[in-house]
Amino acid sequence: MGRLLFKNGQWEELAQTAHYDANELADLCGVSTRQLQRHFRYRFHSSPQSWLNERRLLAAEGLLLSGDSVKKVALDLGFKQTSHFCRLFKSRKKMTPSQFTFSQGAPCRSEITNVAGG
């Protein structure tokens, strides 16, 4: 377990580098997936993927509040489908990403206001 003694900031950085994937995180740390699971149970009282999903949702909050679309956030954070991101977000935050953005008073994306018509 001694090889996995990273500071909190380093874990956050490794999570991003691993694209929030537990198998990639294990590879980056130079340990087996099982060793990583044991370490996370001991240190974070969580599975690696659950911890990574929480980090990913925190990153999503920041991106949503900066004005990024739900679809862009989902793709940027490695979700293969926007619907999967929305389900995970809602299951943890008890609201959809759009509701979260609205409830936090984030700036609205500019809408098309001038449509040429005939």
# chains A, B, ... in the order shown; residues from 1 in each chain; ligands from 1
>>> residues_around(residues="region 81-89 of chain A", least_positions_apart="5", cutoff="12 Å", atoms="only C-alpha atoms", output="list in words")
Ser50, Asn53, Glu54, Arg55, Arg56, Leu57, Leu58, Ala59, Ala60, Glu61, Leu64, Ser69, Val70, Lys71, Lys72, Val73, Ala74, Leu75, Asp76, Lys94, Met95, Thr96, Pro97, Ser98, Gln99, Phe100 and Thr101 of chain A
>>> residues_around(residues="region 21-30 of chain A", least_positions_apart="2", cutoff="12 Å", atoms="only C-alpha atoms", output="PyMOL selection string")
chain A and resi 1-6+10-19+32-40+47-56+77-79
>>> select_by_dssp(residues="chain A", states="helix (DSSP H, G or I)", output="count of residues only")
76
